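File shown here: protein04.cif, holding mmCIF, C-alpha atoms.
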data_upload
loop_
_atom_site.label_atom_id
_atom_site.label_comp_id
_atom_site.auth_asym_id
_atom_site.auth_seq_id
_atom_site.Cartn_x
_atom_site.Cartn_y
_atom_site.Cartn_z
CA MET A 184 48.70 30.96 204.41
CA TRP A 185 46.24 30.29 201.58
CA ILE A 186 48.96 31.02 199.00
CA ILE A 187 51.27 28.39 200.48
CA PHE A 188 48.40 25.87 200.63
CA THR A 189 47.51 26.57 196.97
CA ILE A 190 51.13 26.15 195.87
CA PHE A 191 51.35 22.87 197.80
CA LEU A 192 48.19 21.55 196.12
CA SER A 193 49.37 22.59 192.66
CA PHE A 194 52.60 20.58 193.05
CA HIS A 195 50.62 17.56 194.16
CA VAL A 196 48.37 17.75 191.10
CA LEU A 197 51.30 17.76 188.63
CA CYS A 198 52.61 14.25 189.32
CA LEU A 199 51.26 10.93 188.04
CA GLU A 200 48.92 9.81 190.82
CA SER A 201 48.32 6.27 191.93
CA PHE A 202 45.89 4.56 189.53
CA GLU A 203 45.82 7.61 187.23
CA MET A 204 45.80 6.46 183.59
CA LEU A 205 47.42 8.01 180.52
CA SER A 206 46.32 6.43 177.24
CA ASN A 207 47.67 6.59 173.66
CA VAL A 208 51.27 6.31 174.87
CA LYS A 209 53.75 5.44 172.09
CA ILE A 210 57.33 4.23 172.44
CA LEU A 211 59.54 6.57 170.42
CA ARG A 212 62.93 4.97 171.02
CA VAL A 213 64.36 1.88 172.72
CA LEU A 214 67.70 2.28 174.51
CA PRO A 215 69.97 -0.33 176.11
CA ASP A 216 69.17 -1.80 179.55
CA ASN A 217 65.38 -1.82 179.01
CA ILE A 218 65.06 1.96 178.85
CA VAL A 219 62.38 3.35 176.56
CA MET A 220 61.52 6.88 175.49
CA ILE A 221 57.80 7.62 175.29
CA ASN A 222 55.71 10.48 173.91
CA ARG A 223 54.47 11.67 177.31
CA GLY A 224 56.31 14.03 179.65
CA LEU A 225 55.98 16.88 182.12
CA GLU A 226 52.92 18.28 180.32
CA ASP A 227 51.11 15.04 181.11
CA GLY A 228 52.08 15.05 184.78
CA ILE A 229 55.01 12.63 184.51
CA LEU A 230 57.90 13.38 186.85
CA ARG A 231 61.23 11.68 187.46
CA ASN A 232 60.91 8.70 189.84
CA ASP A 233 57.24 8.15 188.96
CA HIS A 234 56.33 4.48 189.10
CA ALA A 235 53.85 3.05 186.59
CA LYS A 236 52.45 -0.04 184.96
CA PHE A 237 52.49 -0.30 181.14
CA SER A 238 49.68 -2.21 179.46
CA ASN A 239 48.15 -2.49 176.00
CA GLU A 240 44.99 -3.88 174.46
CA VAL A 241 46.77 -6.70 172.62
CA ALA A 242 48.80 -8.29 175.41
CA GLY A 243 47.33 -6.67 178.52
CA TYR A 244 49.92 -6.09 181.25
CA SER A 245 53.35 -5.49 179.70
CA SER A 246 55.66 -4.31 182.48
CA ARG A 247 56.35 -2.01 185.37
CA ALA A 248 58.61 0.99 184.92
CA ILE A 249 60.27 3.86 186.75
CA CYS A 250 60.69 7.26 185.10
CA VAL A 251 64.41 8.10 185.06
CA LYS A 252 64.11 11.37 183.14
CA ALA A 253 61.27 13.62 182.06
CA SER A 254 61.17 16.56 179.67
CA ILE A 255 58.25 18.62 178.39
CA ASN A 256 56.96 16.17 175.74
CA THR A 257 58.94 12.98 176.37
CA SER A 258 60.15 10.82 179.22
CA TYR A 259 62.55 7.91 179.70
CA TRP A 260 61.44 4.83 181.61
CA LYS A 261 63.45 1.91 183.02
CA LEU A 262 61.35 -1.21 182.44
CA TYR A 263 61.33 -4.14 184.84
CA ARG A 264 59.08 -7.09 185.62
CA ILE A 265 58.48 -7.87 181.98
CA PRO A 266 56.62 -11.22 181.91
CA GLU A 267 56.73 -11.60 178.12
CA SER A 268 59.20 -9.65 176.00
CA GLU A 269 56.96 -10.14 172.95
CA ALA A 270 54.28 -8.10 174.73
CA PHE A 271 56.46 -5.03 174.39
CA SER A 272 56.76 -3.44 170.93
CA MET A 273 57.07 0.00 169.35
CA ASP A 274 54.05 -0.94 167.23
CA TYR A 275 51.62 -0.97 170.17
CA THR A 276 49.84 1.90 171.87
CA TYR A 277 50.07 1.68 175.65
CA THR A 278 48.20 2.86 178.69
CA ILE A 279 50.25 3.96 181.67
CA THR A 280 48.72 3.49 185.11
CA GLY A 281 50.34 5.23 188.07
CA MET A 282 51.29 3.03 191.01
CA ALA A 283 51.35 3.73 194.75
CA ASP A 284 54.49 5.24 196.27
CA LYS A 285 55.01 2.31 198.62
CA GLU A 286 55.72 0.07 195.61
CA ILE A 287 58.44 2.29 194.15
CA PRO A 288 61.93 0.79 194.16
CA VAL A 289 64.61 3.50 194.29
CA PRO A 290 66.23 3.92 190.84
CA THR A 291 69.99 3.99 190.85
CA ILE A 292 72.12 6.83 189.60
CA GLU A 293 73.66 4.38 187.11
CA ILE A 294 70.39 4.14 185.20
CA ARG A 295 70.15 7.92 184.88
CA ASN A 296 73.79 8.10 183.81
CA LYS A 297 73.16 5.48 181.11
CA VAL A 298 70.23 7.49 179.76
CA MET A 299 72.32 10.66 179.76
CA SER A 300 75.28 8.93 178.07
CA ALA A 301 72.96 7.45 175.41
CA GLU A 302 71.58 10.93 174.74
CA LEU A 303 75.12 12.34 174.48
CA ILE A 304 76.06 9.60 172.02
CA LEU A 305 72.98 10.40 169.91
CA ILE A 306 73.84 14.12 169.98
CA GLU A 307 77.44 13.35 168.94
CA LYS A 308 76.23 11.14 166.05
CA TYR A 309 73.84 13.91 165.01
CA LYS A 310 76.71 16.41 164.96
CA GLU A 311 78.87 14.02 162.91
CA THR A 312 76.02 13.57 160.43
CA ILE A 313 75.62 17.33 160.10
CA GLU A 314 79.36 17.71 159.46
CA LEU A 315 79.24 15.00 156.78
CA LEU A 316 76.28 16.72 155.15
CA LYS A 317 78.13 20.05 155.20
CA GLU A 318 81.17 18.42 153.55
CA HIS A 319 78.92 16.81 150.94
CA LEU A 320 77.23 20.14 150.26
CA GLU A 321 80.62 21.84 149.86
CA SER A 322 81.80 19.18 147.40
CA GLN A 323 78.53 19.59 145.47
CA LYS A 324 79.15 23.34 145.31
CA GLN A 325 82.67 22.73 144.02
CA LEU A 326 81.41 20.28 141.40
CA THR A 327 78.76 22.76 140.32
CA GLN A 328 81.42 25.47 139.93
CA VAL A 329 83.65 23.15 137.86
CA TYR A 330 80.65 22.19 135.74
CA LYS A 331 79.78 25.85 135.13
CA GLU A 332 83.36 26.69 134.16
CA TYR A 333 83.59 23.65 131.90
CA SER A 334 80.25 24.35 130.24
CA VAL A 335 81.22 28.00 129.57
CA SER A 336 84.51 26.85 128.03
CA LEU A 337 82.71 24.20 126.01
CA LEU A 338 80.20 26.76 124.70
CA GLU A 339 83.02 29.10 123.69
CA GLN A 340 84.73 26.27 121.78
CA LEU A 341 81.43 25.33 120.16
CA ASN A 342 80.84 28.95 119.06
CA LYS A 343 84.34 29.13 117.53
CA THR A 344 83.74 25.85 115.71
CA MET A 345 80.39 27.11 114.38
CA LYS A 346 82.06 30.31 113.10
CA MET A 347 84.71 28.24 111.36
CA VAL A 348 82.03 26.05 109.77
CA ASP A 349 80.18 29.17 108.61
CA GLU A 350 83.38 30.55 107.12
CA LEU A 351 84.07 27.25 105.37
CA VAL A 352 80.54 27.20 103.97
CA GLU A 353 81.04 30.75 102.63
CA ILE A 354 84.36 29.79 101.06
CA ASN A 355 82.80 26.70 99.56
CA LYS A 356 79.97 28.78 98.06
CA LYS A 357 82.49 31.21 96.49
CA LEU A 358 84.46 28.35 95.00
CA LEU A 359 81.38 26.76 93.49
CA LYS A 360 80.30 29.94 91.70
#
Could you take the file, read its structure, and then write that structure out as structure tokens?
Amino acid sequence: MWIIFTIFLSFHVLCLESFEMLSNVKILRVLPDNIVMINRGLEDGILRNDHAKFSNEVAGYSSRAICVKASINTSYWKLYRIPESEAFSMDYTYTITGMADKEIPVPTIEIRNKVMSAELILIEKYKETIELLKEHLESQKQLTQVYKEYSVSLLEQLNKTMKMVDELVEINKKLLK
């Protein structure tokens, strides 16, 4: 019985509680449809469907948000009720304050799908970039090989020319004597 009670309490402790505050929150990426990626995640007690208020020291209250996805170190939040768009910037450091469950609007599956599709697009672009870098590296290797072959051939020609010049100098010395 005590084990079940302990497990139940441990799950309750992991989520972002009402009025709990997380400071030094930075926006890492801004995605379409007012979705932002922040530097706080499961390690900080943020779970999917958590509801929070974003605020900063410069502008005060910035917006409300719902967590649509959480990973170990990062989480994605759908922002809403943004009174001033200028109050939201990647340059600011934010404080997240958990909000009561009764105030949580239910996030739609469309929002989560948009976050997932944006991540898939980023992964695809990353793969394309890696392929381009591999092609560039291969062309650099080929150019290096051509350069090596050319320089060896050039050195051989230069050595032959130097031998011929030496021979001509010797012949010239014999003729002058």
Find the distance between CA of Tyr259 (chain A) and CA of Ile313 (chain A) and write it in Å to one decimal.
->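 Spanning CA of Tyr259 (chain A) to CA of Ile313 (chain A) is a straight-line distance of 25.4 Å.
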Can you give me, as a ChimeraX atom specification, the residues this file yields under the PyMOL selection byres ((chain A and resi 272-281) around 10)?
-> /A:198-213,219,221,223,229,233-248,268-271,282-284
For the atom pair CA of Met345 (chain A) and CA of Thr327 (chain A), what is the interatomic distance in Å to one decimal place?
-> 26.4 Å
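Of note, CA of Lys252 (chain A) and CA of Arg231 (chain A) are spaced 5.2 Å apart.
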Name the residues that the PyMOL selection byres ((chain A and resi 257) around 8) picks from the file above, as number ranges by chain, using the file's chain letters and numbers.
-> A: 220-225, 253-256, 258-259
